[in-house]
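Student: This is structure_38.cif (mmCIF, C-alpha atoms and all ligand atoms).
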data_final
loop_
_atom_site.label_atom_id
_atom_site.label_comp_id
_atom_site.auth_asym_id
_atom_site.auth_seq_id
_atom_site.Cartn_x
_atom_site.Cartn_y
_atom_site.Cartn_z
CA MET F 1 69.87 -101.57 -204.21
CA MET F 2 69.99 -99.42 -201.12
CA SER F 3 72.30 -100.74 -198.40
CA ILE F 4 71.44 -100.51 -194.73
CA LEU F 5 74.93 -98.95 -194.42
CA ARG F 6 73.85 -95.86 -196.35
CA GLY F 7 74.50 -92.70 -194.35
CA LYS F 8 76.22 -94.63 -191.55
CA ASN F 9 79.46 -93.34 -190.03
CA ILE F 10 81.99 -96.13 -190.17
CA LEU F 11 85.32 -96.08 -188.43
CA LEU F 12 87.76 -98.58 -189.89
CA GLY F 13 90.72 -99.52 -187.71
CA ILE F 14 93.60 -101.14 -189.56
CA THR F 15 96.35 -103.07 -187.77
CA ALA F 16 99.63 -104.51 -189.01
CA GLY F 17 98.81 -107.70 -190.87
CA ILE F 18 99.37 -108.55 -194.52
CA ALA F 19 95.57 -108.65 -194.98
CA ALA F 20 95.69 -104.85 -194.57
CA TYR F 21 96.14 -104.66 -198.36
CA LYS F 22 92.50 -105.80 -198.67
CA THR F 23 91.24 -102.78 -196.74
CA ALA F 24 91.46 -100.69 -199.91
CA SER F 25 88.56 -102.72 -201.35
CA LEU F 26 86.83 -102.67 -198.00
CA VAL F 27 86.85 -98.87 -197.89
CA ARG F 28 85.72 -98.74 -201.52
CA LEU F 29 82.77 -101.05 -200.82
CA PHE F 30 81.70 -99.07 -197.75
CA VAL F 31 81.79 -95.83 -199.74
CA LYS F 32 79.86 -97.47 -202.58
CA ALA F 33 77.21 -98.57 -200.06
CA GLY F 34 76.79 -94.88 -199.16
CA ALA F 35 78.61 -94.93 -195.82
CA ASN F 36 80.93 -92.20 -194.48
CA VAL F 37 84.29 -93.76 -193.72
CA LYS F 38 87.17 -92.62 -191.53
CA VAL F 39 90.29 -94.72 -191.20
CA ILE F 40 92.54 -95.12 -188.16
CA MET F 41 95.80 -97.02 -188.65
CA THR F 42 98.27 -98.40 -186.15
CA PRO F 43 101.75 -97.02 -186.99
CA ALA F 44 103.05 -100.46 -188.04
CA SER F 45 100.14 -101.08 -190.43
CA LYS F 46 101.48 -98.33 -192.70
CA ASP F 47 104.14 -100.81 -193.82
CA PHE F 48 101.40 -102.86 -195.44
CA ILE F 49 99.25 -100.21 -197.14
CA THR F 50 99.76 -96.49 -197.60
CA PRO F 51 97.61 -93.90 -195.84
CA LEU F 52 97.42 -92.04 -199.17
CA THR F 53 95.49 -94.90 -200.77
CA LEU F 54 93.08 -95.03 -197.86
CA SER F 55 92.56 -91.29 -197.53
CA THR F 56 91.87 -91.06 -201.26
CA LEU F 57 89.34 -93.89 -201.19
CA SER F 58 87.67 -92.81 -197.94
CA LYS F 59 87.72 -89.11 -198.91
CA ASN F 60 88.88 -88.36 -195.35
CA PRO F 61 92.30 -87.84 -193.77
CA VAL F 62 93.73 -91.01 -192.26
CA ILE F 63 94.49 -90.83 -188.55
CA SER F 64 97.29 -92.75 -186.93
CA SER F 65 98.82 -90.75 -184.12
CA PHE F 66 97.56 -88.71 -181.19
CA ILE F 67 98.73 -85.50 -182.79
CA ASN F 68 98.02 -84.25 -186.24
CA GLU F 69 101.50 -84.07 -187.75
CA ASP F 70 100.38 -82.11 -190.83
CA ASP F 71 99.24 -79.22 -188.70
CA GLU F 72 102.03 -76.93 -187.48
CA ASN F 73 99.92 -75.99 -184.46
CA ALA F 74 100.03 -79.66 -183.49
CA VAL F 75 96.31 -80.27 -182.94
CA TRP F 76 95.32 -83.33 -180.92
CA ASN F 77 93.37 -86.00 -182.75
CA ASN F 78 90.42 -86.44 -180.49
CA HIS F 79 89.76 -90.12 -179.94
CA VAL F 80 86.68 -89.37 -177.82
CA GLU F 81 85.11 -87.36 -180.64
CA LEU F 82 85.94 -90.06 -183.19
CA GLY F 83 84.48 -92.72 -180.96
CA LEU F 84 81.26 -90.75 -180.66
CA TRP F 85 81.13 -89.93 -184.39
CA ALA F 86 81.09 -93.60 -185.34
CA ASP F 87 77.91 -95.64 -185.80
CA LEU F 88 80.14 -98.67 -185.94
CA PHE F 89 83.82 -99.44 -185.49
CA LEU F 90 85.38 -102.23 -187.53
CA ILE F 91 88.89 -103.43 -186.78
CA ALA F 92 90.15 -105.30 -189.84
CA PRO F 93 92.56 -106.91 -189.98
CA ALA F 94 92.75 -107.46 -186.22
CA THR F 95 96.16 -108.89 -185.34
CA ALA F 96 96.85 -111.10 -182.32
CA ASN F 97 98.80 -108.19 -180.83
CA THR F 98 95.95 -105.66 -181.15
CA MET F 99 93.31 -108.12 -179.93
CA SER F 100 95.40 -108.88 -176.87
CA LYS F 101 95.76 -105.17 -176.13
CA MET F 102 92.03 -104.61 -176.64
CA ALA F 103 91.34 -107.47 -174.24
CA THR F 104 93.51 -106.00 -171.50
CA GLY F 105 92.78 -102.32 -171.96
CA THR F 106 96.18 -101.23 -173.24
CA SER F 107 95.90 -97.95 -175.09
CA ASP F 108 99.32 -97.14 -176.45
CA ASN F 109 98.15 -95.98 -179.87
CA MET F 110 95.33 -93.92 -181.37
CA LEU F 111 93.38 -96.98 -182.54
CA LEU F 112 93.34 -98.53 -179.08
CA ALA F 113 92.45 -95.26 -177.33
CA THR F 114 89.55 -94.84 -179.74
CA TYR F 115 88.45 -98.42 -179.08
CA LEU F 116 88.23 -97.59 -175.37
CA SER F 117 86.21 -94.44 -176.12
CA ALA F 118 83.81 -95.90 -178.67
CA LYS F 119 80.22 -96.39 -177.58
CA CYS F 120 79.08 -97.94 -180.86
CA PRO F 121 79.10 -101.64 -181.84
CA VAL F 122 82.65 -102.89 -182.45
CA TYR F 123 83.33 -105.60 -185.05
CA PHE F 124 86.71 -107.28 -185.41
CA ALA F 125 88.02 -109.45 -188.23
CA PRO F 126 91.11 -111.40 -187.12
CA ALA F 127 93.87 -112.26 -189.56
CA MET F 128 97.09 -114.13 -188.78
CA ASP F 129 99.00 -117.30 -189.43
CA LEU F 130 97.27 -120.56 -188.52
CA ASP F 131 99.33 -121.41 -185.45
CA MET F 132 98.93 -117.92 -184.03
CA TYR F 133 95.16 -118.15 -184.65
CA LYS F 134 94.97 -121.53 -182.90
CA HIS F 135 97.09 -120.40 -179.94
CA LYS F 136 95.31 -120.43 -176.59
CA THR F 137 96.30 -116.83 -175.92
CA THR F 138 94.65 -115.66 -179.15
CA ASN F 139 91.64 -117.74 -178.36
CA ASN F 140 91.45 -116.14 -174.94
CA SER F 141 91.62 -112.65 -176.40
CA ILE F 142 88.83 -113.43 -178.86
CA LYS F 143 86.61 -114.90 -176.13
CA LYS F 144 87.26 -111.92 -173.90
CA LEU F 145 86.44 -109.44 -176.66
CA GLU F 146 83.21 -111.29 -177.39
CA SER F 147 82.33 -111.23 -173.70
CA PHE F 148 82.69 -107.42 -173.85
CA GLY F 149 80.01 -107.44 -176.59
CA ASN F 150 82.43 -106.97 -179.48
CA ILE F 151 81.36 -108.89 -182.57
CA LEU F 152 83.71 -111.43 -184.15
CA ILE F 153 83.85 -111.72 -187.93
CA PRO F 154 85.55 -115.13 -188.04
CA ALA F 155 88.68 -115.76 -190.04
CA THR F 156 88.33 -118.27 -192.86
CA SER F 157 90.45 -121.17 -194.04
CA GLY F 158 92.73 -121.03 -197.02
CA GLU F 159 96.21 -120.27 -198.19
CA LEU F 160 98.04 -117.92 -195.85
CA ALA F 161 100.83 -115.44 -196.51
CA SER F 162 103.29 -117.87 -194.90
CA GLY F 163 102.50 -120.39 -197.62
CA LEU F 164 100.79 -122.63 -195.07
CA VAL F 165 97.18 -123.58 -195.50
CA GLY F 166 94.72 -123.28 -192.62
CA GLU F 167 92.45 -121.03 -190.61
CA GLY F 168 93.52 -117.43 -190.18
CA ARG F 169 92.65 -115.62 -193.39
CA MET F 170 90.74 -112.41 -192.88
CA ALA F 171 87.17 -112.69 -194.22
CA GLU F 172 86.92 -111.26 -197.75
CA PRO F 173 85.84 -107.59 -197.94
CA GLU F 174 82.49 -108.50 -199.60
CA ASP F 175 81.80 -111.03 -196.85
CA ILE F 176 82.72 -108.55 -194.11
CA ILE F 177 80.23 -106.09 -195.58
CA SER F 178 77.39 -108.64 -195.79
CA PHE F 179 78.21 -109.89 -192.28
CA ILE F 180 77.81 -106.37 -190.90
CA GLU F 181 74.70 -105.64 -192.99
CA ASN F 182 73.00 -108.84 -191.78
CA ASP F 183 74.02 -108.16 -188.21
CA ILE F 184 72.51 -104.66 -188.32
CA VAL F 185 69.30 -105.86 -190.00
CA LYS F 186 68.88 -108.58 -187.35
CA SER F 187 68.99 -106.02 -184.57
CA LEU F 188 66.42 -103.69 -186.15
CA PRO F 189 63.04 -103.30 -184.39
CA LEU F 190 60.95 -104.53 -187.34
CA HIS F 191 63.25 -107.40 -188.33
CA GLY F 192 61.10 -110.44 -189.14
CA LYS F 193 57.94 -108.34 -189.48
CA SER F 194 55.88 -107.96 -192.65
CA VAL F 195 54.41 -104.59 -193.47
CA LEU F 196 51.71 -104.06 -196.09
CA ILE F 197 51.30 -100.53 -197.45
CA THR F 198 48.95 -99.02 -200.03
CA ALA F 199 50.02 -95.89 -201.89
CA GLY F 200 49.08 -93.53 -204.68
CA PRO F 201 45.82 -92.85 -206.47
CA THR F 202 43.57 -95.36 -208.25
CA TYR F 203 42.29 -94.91 -211.79
CA GLU F 204 38.75 -96.04 -212.52
CA ALA F 205 38.21 -96.60 -216.23
CA ILE F 206 35.35 -94.81 -217.99
CA ASP F 207 36.27 -96.24 -221.39
CA PRO F 208 39.52 -97.53 -222.95
CA VAL F 209 41.15 -94.06 -222.87
CA ARG F 210 39.57 -92.17 -219.97
CA PHE F 211 39.48 -92.61 -216.25
CA ILE F 212 38.47 -91.02 -212.95
CA GLY F 213 41.55 -90.37 -210.83
CA ASN F 214 43.00 -87.97 -208.30
CA HIS F 215 46.15 -85.96 -207.67
CA SER F 216 47.77 -88.27 -205.11
CA SER F 217 51.52 -88.52 -205.84
CA GLY F 218 52.11 -91.69 -203.82
CA LYS F 219 54.94 -89.95 -201.98
CA MET F 220 53.58 -90.55 -198.46
CA GLY F 221 53.15 -94.29 -199.04
CA PHE F 222 56.59 -94.68 -200.60
CA GLU F 223 58.21 -92.80 -197.72
CA LEU F 224 56.38 -95.12 -195.30
CA ALA F 225 57.72 -98.12 -197.21
CA LYS F 226 61.30 -96.78 -197.05
CA SER F 227 60.98 -95.97 -193.37
CA ALA F 228 59.60 -99.45 -192.56
CA ALA F 229 62.40 -101.07 -194.59
CA SER F 230 65.03 -99.00 -192.80
CA LEU F 231 63.66 -100.48 -189.56
CA GLY F 232 64.22 -103.96 -190.99
CA ALA F 233 60.69 -104.86 -192.13
CA LYS F 234 59.82 -106.80 -195.26
CA VAL F 235 57.49 -104.46 -197.12
CA THR F 236 54.81 -105.20 -199.70
CA LEU F 237 53.81 -101.94 -201.34
CA VAL F 238 50.59 -102.09 -203.35
CA SER F 239 50.65 -98.91 -205.38
CA GLY F 240 48.38 -97.17 -207.84
CA PRO F 241 49.93 -95.34 -210.83
CA THR F 242 52.85 -93.18 -209.62
CA HIS F 243 56.33 -91.98 -210.56
CA GLN F 244 57.78 -92.79 -207.13
CA LYS F 245 60.67 -95.20 -206.72
CA ALA F 246 61.76 -97.39 -203.82
CA ASP F 247 65.09 -99.05 -204.34
CA SER F 248 65.47 -101.62 -201.56
CA THR F 249 65.74 -105.39 -201.45
CA LEU F 250 63.25 -105.29 -198.58
CA ILE F 251 60.49 -103.60 -200.63
CA THR F 252 58.34 -105.45 -203.17
CA ILE F 253 56.15 -103.19 -205.28
CA ILE F 254 52.84 -104.57 -206.57
CA PRO F 255 51.57 -102.10 -209.18
CA VAL F 256 47.80 -101.82 -209.57
CA VAL F 257 45.51 -99.42 -211.40
CA SER F 258 41.97 -99.67 -210.03
CA ALA F 259 40.47 -99.80 -206.55
CA GLY F 260 39.13 -103.27 -207.30
CA LYS F 261 42.58 -104.61 -208.16
CA MET F 262 44.07 -102.91 -205.10
CA TYR F 263 41.43 -104.61 -202.94
CA ASP F 264 42.29 -108.03 -204.41
CA GLU F 265 46.07 -107.62 -204.00
CA VAL F 266 45.80 -106.28 -200.44
CA HIS F 267 43.63 -109.24 -199.45
CA LYS F 268 46.19 -111.66 -200.91
CA TYR F 269 48.87 -110.40 -198.52
CA PHE F 270 46.96 -109.33 -195.41
CA LYS F 271 46.84 -112.76 -193.74
CA ASN F 272 50.64 -112.90 -193.46
CA THR F 273 51.04 -109.26 -192.50
CA ASP F 274 51.93 -107.87 -189.08
CA ILE F 275 51.28 -104.22 -189.84
CA ALA F 276 49.06 -102.71 -192.57
CA ILE F 277 49.18 -99.02 -193.41
CA LEU F 278 46.61 -97.84 -195.94
CA SER F 279 47.73 -94.50 -197.29
CA ALA F 280 46.38 -94.80 -200.83
CA ALA F 281 43.88 -92.24 -202.08
CA VAL F 282 41.43 -94.86 -203.28
CA ALA F 283 38.57 -93.70 -205.50
CA ASP F 284 35.34 -93.85 -203.51
CA TYR F 285 33.27 -94.27 -206.68
CA LYS F 286 33.83 -95.84 -210.07
CA PRO F 287 31.80 -95.84 -213.28
CA LYS F 288 29.06 -98.46 -212.99
CA ILE F 289 29.77 -99.51 -216.56
CA THR F 290 33.12 -99.25 -218.31
CA ALA F 291 32.47 -98.69 -222.01
CA THR F 292 34.33 -101.17 -224.18
CA GLN F 293 34.65 -98.63 -227.01
CA LYS F 294 35.76 -95.03 -226.73
CA ILE F 295 32.72 -92.88 -225.87
CA LYS F 296 31.90 -90.55 -228.77
CA LYS F 297 30.81 -86.98 -228.16
CA LYS F 298 27.14 -86.60 -229.06
CA ASP F 299 24.86 -84.70 -226.71
CA SER F 300 25.65 -81.47 -224.93
CA THR F 301 25.76 -83.27 -221.59
CA LEU F 302 26.95 -86.69 -220.59
CA THR F 303 25.88 -88.44 -217.42
CA LEU F 304 28.03 -91.13 -215.90
CA GLU F 305 26.50 -93.39 -213.34
CA LEU F 306 28.93 -94.14 -210.51
CA GLU F 307 28.88 -96.86 -207.91
CA LYS F 308 30.79 -97.18 -204.64
CA THR F 309 34.10 -99.01 -204.61
CA LYS F 310 34.76 -101.44 -201.79
CA ASP F 311 36.40 -99.79 -198.77
CA ILE F 312 39.68 -101.72 -198.49
CA LEU F 313 40.55 -100.33 -195.07
CA ALA F 314 37.15 -101.14 -193.56
CA SER F 315 37.27 -104.65 -195.02
CA LEU F 316 40.60 -105.29 -193.28
CA GLY F 317 39.20 -103.91 -190.01
CA GLN F 318 36.52 -106.61 -190.18
CA ILE F 319 38.88 -109.54 -190.64
CA LYS F 320 41.95 -108.43 -188.69
CA LYS F 321 43.33 -110.69 -185.97
CA ASN F 322 46.63 -109.57 -184.45
CA GLN F 323 47.54 -107.13 -187.17
CA ILE F 324 48.11 -103.48 -186.43
CA LEU F 325 45.89 -101.56 -188.83
CA VAL F 326 46.61 -97.94 -189.69
CA GLY F 327 44.42 -95.68 -191.83
CA PHE F 328 44.52 -92.11 -193.06
CA ALA F 329 41.83 -89.47 -192.94
CA LEU F 330 41.72 -86.28 -194.96
CA GLU F 331 39.30 -83.86 -193.37
CA THR F 332 38.20 -80.27 -193.81
CA ASN F 333 35.91 -79.75 -190.82
CA ASN F 334 35.36 -81.33 -187.36
CA GLU F 335 38.65 -83.01 -188.14
CA LEU F 336 39.39 -84.77 -184.85
CA GLU F 337 35.82 -85.93 -184.37
CA ASN F 338 35.54 -87.28 -187.91
CA ALA F 339 38.91 -89.02 -187.71
CA ILE F 340 38.01 -90.72 -184.42
CA GLY F 341 34.68 -91.74 -185.98
CA LYS F 342 36.54 -93.43 -188.86
CA LEU F 343 39.01 -95.09 -186.50
CA LYS F 344 36.13 -96.69 -184.56
CA LYS F 345 33.97 -97.54 -187.56
CA LYS F 346 36.81 -99.18 -189.48
CA ASN F 347 38.28 -100.90 -186.37
CA LEU F 348 41.74 -99.30 -186.67
CA ASP F 349 44.62 -99.15 -184.21
CA LEU F 350 45.84 -95.77 -185.42
CA ILE F 351 44.57 -93.09 -187.75
CA VAL F 352 46.69 -90.39 -189.33
CA LEU F 353 44.74 -87.18 -189.78
CA ASN F 354 45.61 -84.67 -192.49
CA SER F 355 43.75 -81.45 -192.27
CA LEU F 356 43.19 -79.72 -195.58
CA ASN F 357 43.06 -76.47 -193.60
CA ASP F 358 46.80 -76.68 -192.98
CA ASP F 359 49.12 -75.06 -195.51
CA GLY F 360 51.73 -77.49 -196.79
CA ALA F 361 49.67 -80.59 -195.94
CA GLY F 362 48.15 -83.19 -198.23
CA PHE F 363 48.38 -83.90 -201.96
CA GLY F 364 51.13 -82.98 -204.35
CA VAL F 365 53.37 -81.19 -201.82
CA ALA F 366 56.63 -82.47 -200.33
CA THR F 367 55.52 -81.71 -196.78
CA ASN F 368 52.76 -82.85 -194.49
CA LYS F 369 51.29 -81.91 -191.14
CA VAL F 370 49.54 -84.67 -189.29
CA THR F 371 47.83 -85.67 -186.08
CA ILE F 372 48.11 -89.31 -185.06
CA ILE F 373 45.25 -90.72 -182.98
CA ASP F 374 45.18 -94.10 -181.23
CA LYS F 375 42.30 -96.35 -180.14
CA ASN F 376 42.11 -94.66 -176.74
CA GLU F 377 41.65 -91.35 -178.53
CA ASN F 378 45.06 -90.07 -177.46
CA SER F 379 46.23 -87.69 -180.14
CA ILE F 380 49.61 -86.22 -180.97
CA ASN F 381 49.96 -83.12 -183.16
CA TYR F 382 53.09 -82.89 -185.25
CA GLY F 383 54.51 -79.80 -186.89
CA LEU F 384 55.00 -79.23 -190.63
CA LYS F 385 57.62 -81.74 -191.77
CA SER F 386 58.89 -83.45 -194.89
CA LYS F 387 56.93 -86.55 -195.83
CA ALA F 388 60.02 -88.64 -195.04
CA GLU F 389 60.01 -87.28 -191.48
CA VAL F 390 56.25 -87.75 -191.15
CA ALA F 391 56.74 -91.38 -192.22
CA GLN F 392 59.30 -91.84 -189.45
CA ASP F 393 56.92 -90.33 -186.88
CA ILE F 394 54.17 -92.72 -187.99
CA MET F 395 56.52 -95.72 -187.79
CA GLN F 396 57.55 -94.68 -184.26
CA GLU F 397 53.90 -94.62 -183.17
CA ILE F 398 53.42 -98.06 -184.74
CA LEU F 399 56.45 -99.37 -182.82
CA LYS F 400 54.79 -98.16 -179.61
CA GLN F 401 51.61 -100.09 -180.54
CA LEU F 402 53.70 -103.18 -181.25
CA HIS F 403 55.21 -103.06 -177.78
CA ALA F 404 52.03 -101.99 -175.98
N1 LIG X 1 40.35 -96.28 -198.11
C1 LIG X 1 40.42 -97.56 -198.61
N2 LIG X 1 39.54 -97.97 -199.59
C2 LIG X 1 38.61 -97.14 -200.08
C3 LIG X 1 38.54 -95.82 -199.58
C4 LIG X 1 39.42 -95.42 -198.60
O1 LIG X 1 41.25 -98.33 -198.17
N3 LIG X 1 37.79 -97.56 -201.03
C5 LIG X 1 41.26 -95.89 -197.03
C6 LIG X 1 42.34 -94.91 -197.44
O2 LIG X 1 43.51 -95.54 -197.90
C7 LIG X 1 42.58 -94.17 -196.15
C8 LIG X 1 41.20 -94.10 -195.55
O3 LIG X 1 40.51 -95.21 -196.07
O4 LIG X 1 43.41 -94.88 -195.26
C9 LIG X 1 40.61 -92.82 -196.00
O5 LIG X 1 39.32 -92.80 -195.79
P1 LIG X 1 38.55 -91.53 -196.42
O6 LIG X 1 38.48 -91.68 -197.89
O7 LIG X 1 39.08 -90.27 -195.85
O8 LIG X 1 37.27 -91.69 -195.72
P2 LIG X 1 35.99 -92.41 -196.17
O9 LIG X 1 35.77 -93.50 -195.20
O10 LIG X 1 36.09 -92.74 -197.61
O11 LIG X 1 34.97 -91.29 -195.87
P3 LIG X 1 34.75 -89.87 -196.61
O12 LIG X 1 35.39 -89.97 -197.96
O13 LIG X 1 33.30 -89.78 -196.64
O14 LIG X 1 35.41 -88.86 -195.72
#
Using structure tokens, write down the structure that the file contains.

Tutor:
Amino acid sequence: MMSILRGKNILLGITAGIAAYKTASLVRLFVKAGANVKVIMTPASKDFITPLTLSTLSKNPVISSFINEDDENAVWNNHVELGLWADLFLIAPATANTMSKMATGTSDNMLLATYLSAKCPVYFAPAMDLDMYKHKTTNNSIKKLESFGNILIPATSGELASGLVGEGRMAEPEDIISFIENDIVKSLPLHGKSVLITAGPTYEAIDPVRFIGNHSSGKMGFELAKSAASLGAKVTLVSGPTHQKADSTLITIIPVVSAGKMYDEVHKYFKNTDIAILSAAVADYKPKITATQKIKKKDSTLTLELEKTKDILASLGQIKKNQILVGFALETNNELENAIGKLKKKNLDLIVLNSLNDDGAGFGVATNKVTIIDKNENSINYGLKSKAEVAQDIMQEILKQLHA
């Protein structure tokens, strides 16, 4: 399952506590989650775990002094650059000594100087013996760090290196990772929101072996689902037949085949939805009668009678309350006018216009070129982009609607 930490730049600061031995698994878990990891160690922490282990696991050189000792030209390790590189800085284990220095602004090693330069969220996971953890001074440092906006990952209770039993154990690496993941998800703009998306083509059965379908790949809808999930939303993705995949705990895929089934599933979820984005290429017509047996070839021509499918998007426009409703329009002429017409007729908040006149837009290609139009007929033209980028643009416009 895709972690929210994927692609994130994580700076791990290690200080001199026995729990430092656990940072090998911590680095491993971050890397496994798809994060980029750089490690900074205080000089004394090297007595507890070797930089070689950590550089091997993190696939990056470990930094522990202001100058790069391996380089004969003695290049400075730039703490400002490191601080800016990081999406988040985790100090684990955080000793009483380091926390006290962080609280007072001491910067007598590379880790502390980087802490003072970092603009990203800073997490710290204390680890020490129980009496040190209980000490008022330690408590003061922790409170002060929290008042600066740094995020405490509390120590747990258990057997300590001293042999004593009590509070002061560093949280387990797995728990540190889930703590950070949950914390990030909570702060995302669509956290707590439900998004309903339709994707792909529909197949309308002619007989048991034949159908009317279209060339939609489902890619646009799946990219929208991924983008919404990366913003913290819980996504229900009702999809026609497709080869696309979406590997996220936040995305539930409801596979359907026909327009009728898509209509039913969408209506099941719409009531509890905050945002609905209908990107499926739904068949507008289906065979009036589906033959129960395979149709045999007989005459030189065969006429199929077709009837209209129900317009899912329009039906949602009629019943919507506070939901933000987004539709797509694929046009070949009078594009803007037609798209605005559909937006009004179907009672939408936004419509995404694809023009078939644009190269690289529409079905079966990896790219798309869209215009997004809102209820007040404001339109924004975007350039040719990957469908993943187009999905992000659409989600940004939806965020604006949410806060309007
Ligand atoms: N749509 C839908 N259910 C249908 C048909 C379309 O939900 N039965 C949705 C699509 O997912 C898309 C939008 O409506 O968001 C596309 O409408 P489109 O097919 O372009 O326009 P129509 O209203 O069907 O008009 P026309 O085909 O005549 O252009």

Student: Between F:Phe124, F:Val282, F:His135, F:Gly168, which one has atoms that come closest to Asn150 of chain F, using all atoms listed in the file?

Tutor: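 Distance minimum relative to Asn150 of chain F lands on F:Phe124.
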
Student: Work out how far atom CA of Leu325 of chain F is from atom CA of Ala276 of chain F, in Å to one decimal.

Tutor: 5.0 Å

Student: Please, which residues have at least one atom within 6 Å of an atom of ligand LIG 1 (chain X), using only C-alpha atoms and all ligand atoms, listed as a short mmCIF file (atom, residue, chain, number, x, y, z; two decimals) with C-alpha atoms, keeping the file's coordinate frame?

Tutor:
data_model
loop_
_atom_site.label_atom_id
_atom_site.label_comp_id
_atom_site.auth_asym_id
_atom_site.auth_seq_id
_atom_site.Cartn_x
_atom_site.Cartn_y
_atom_site.Cartn_z
CA LEU F 278 46.61 -97.84 -195.94
CA SER F 279 47.73 -94.50 -197.29
CA ALA F 280 46.38 -94.80 -200.83
CA ALA F 281 43.88 -92.24 -202.08
CA VAL F 282 41.43 -94.86 -203.28
CA ALA F 283 38.57 -93.70 -205.50
CA ASP F 284 35.34 -93.85 -203.51
CA THR F 309 34.10 -99.01 -204.61
CA LYS F 310 34.76 -101.44 -201.79
CA ASP F 311 36.40 -99.79 -198.77
CA ILE F 312 39.68 -101.72 -198.49
CA LEU F 313 40.55 -100.33 -195.07
CA GLY F 327 44.42 -95.68 -191.83
CA PHE F 328 44.52 -92.11 -193.06
CA ALA F 329 41.83 -89.47 -192.94
CA LEU F 330 41.72 -86.28 -194.96
#

Student: Suppose you want the space between atom CA of Asn334 of chain F and atom CA of Ser355 of chain F; what is it in Å?

Tutor: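 One can read the atom CA of Asn334 of chain F to atom CA of Ser355 of chain F distance as 9.7 Å.
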
Student: For each of F:His79, F:Lys296, F:Lys38, F:Lys308, take the minimum atom-to-atom distance to Ala118 of chain F, counting all atoms listed in the file, then give the residue where this is smallest.

Tutor: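 The answer is F:His79, which sits nearest to Ala118 of chain F.
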
Student: Using all atoms listed in the file, which of the listed residues (F:Leu12, F:Val195, F:Ala125, F:Leu250) sits closest to Asp87 of chain F?

Tutor: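 Smallest separation from Asp87 of chain F among the options: F:Leu12.
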
Student: Near Leu237 of chain F, counting all atoms listed in the file, which residues have an atom at most 7 Å away, once you skip same-chain residues fewer than 3 positions from it, shown as an MDAnalysis selection string?

Tutor: chainID F and resid 196:198 225 251:254

Student: Out of F:Leu188, F:Ile142, F:Ala171, F:Ile351, which residue has the shortest atom-to-atom distance to Ala127 of chain F when counting only C-alpha atoms?

Tutor: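 Checking each of F:Leu188, F:Ile142, F:Ala171, F:Ile351 against Ala127 of chain F, counting only C-alpha atoms, the winner is F:Ala171.
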
Student: Start from the incomplete input, build N, CA and C atoms for segment 56-67 of chain F, and deliver everything as a tab-separated table (two decimals), keeping the file's coordinate frame.

Tutor:
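The resulting file, result-v1.tsv, is reproduced below:
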chain	number	residue	atom	x	y	z
F	56	THR	N	92.48	-91.34	-199.96
F	56	THR	CA	91.87	-91.06	-201.26
F	56	THR	C	90.55	-91.82	-201.39
F	57	LEU	N	90.56	-93.08	-201.04
F	57	LEU	CA	89.34	-93.89	-201.19
F	57	LEU	C	88.25	-93.50	-200.20
F	58	SER	N	88.67	-93.14	-198.97
F	58	SER	CA	87.67	-92.81	-197.94
F	58	SER	C	87.25	-91.35	-198.01
F	59	LYS	N	87.98	-90.55	-198.77
F	59	LYS	CA	87.72	-89.11	-198.91
F	59	LYS	C	87.84	-88.41	-197.56
F	60	ASN	N	88.63	-88.96	-196.66
F	60	ASN	CA	88.88	-88.36	-195.35
F	60	ASN	C	90.34	-88.55	-194.98
F	61	PRO	N	90.91	-87.63	-194.19
F	61	PRO	CA	92.30	-87.84	-193.77
F	61	PRO	C	92.41	-89.11	-192.92
F	62	VAL	N	93.51	-89.80	-193.06
F	62	VAL	CA	93.73	-91.01	-192.26
F	62	VAL	C	94.41	-90.60	-190.95
F	63	ILE	N	93.97	-91.20	-189.86
F	63	ILE	CA	94.49	-90.83	-188.55
F	63	ILE	C	95.34	-91.98	-188.02
F	64	SER	N	96.55	-91.64	-187.51
F	64	SER	CA	97.29	-92.75	-186.93
F	64	SER	C	98.07	-92.37	-185.67
F	65	SER	N	98.13	-91.08	-185.36
F	65	SER	CA	98.82	-90.75	-184.12
F	65	SER	C	97.95	-89.80	-183.30
F	66	PHE	N	98.37	-89.56	-182.06
F	66	PHE	CA	97.56	-88.71	-181.19
F	66	PHE	C	97.60	-87.24	-181.62
F	67	ILE	N	98.69	-86.88	-182.30
F	67	ILE	CA	98.73	-85.50	-182.79
F	67	ILE	C	98.71	-85.47	-184.30
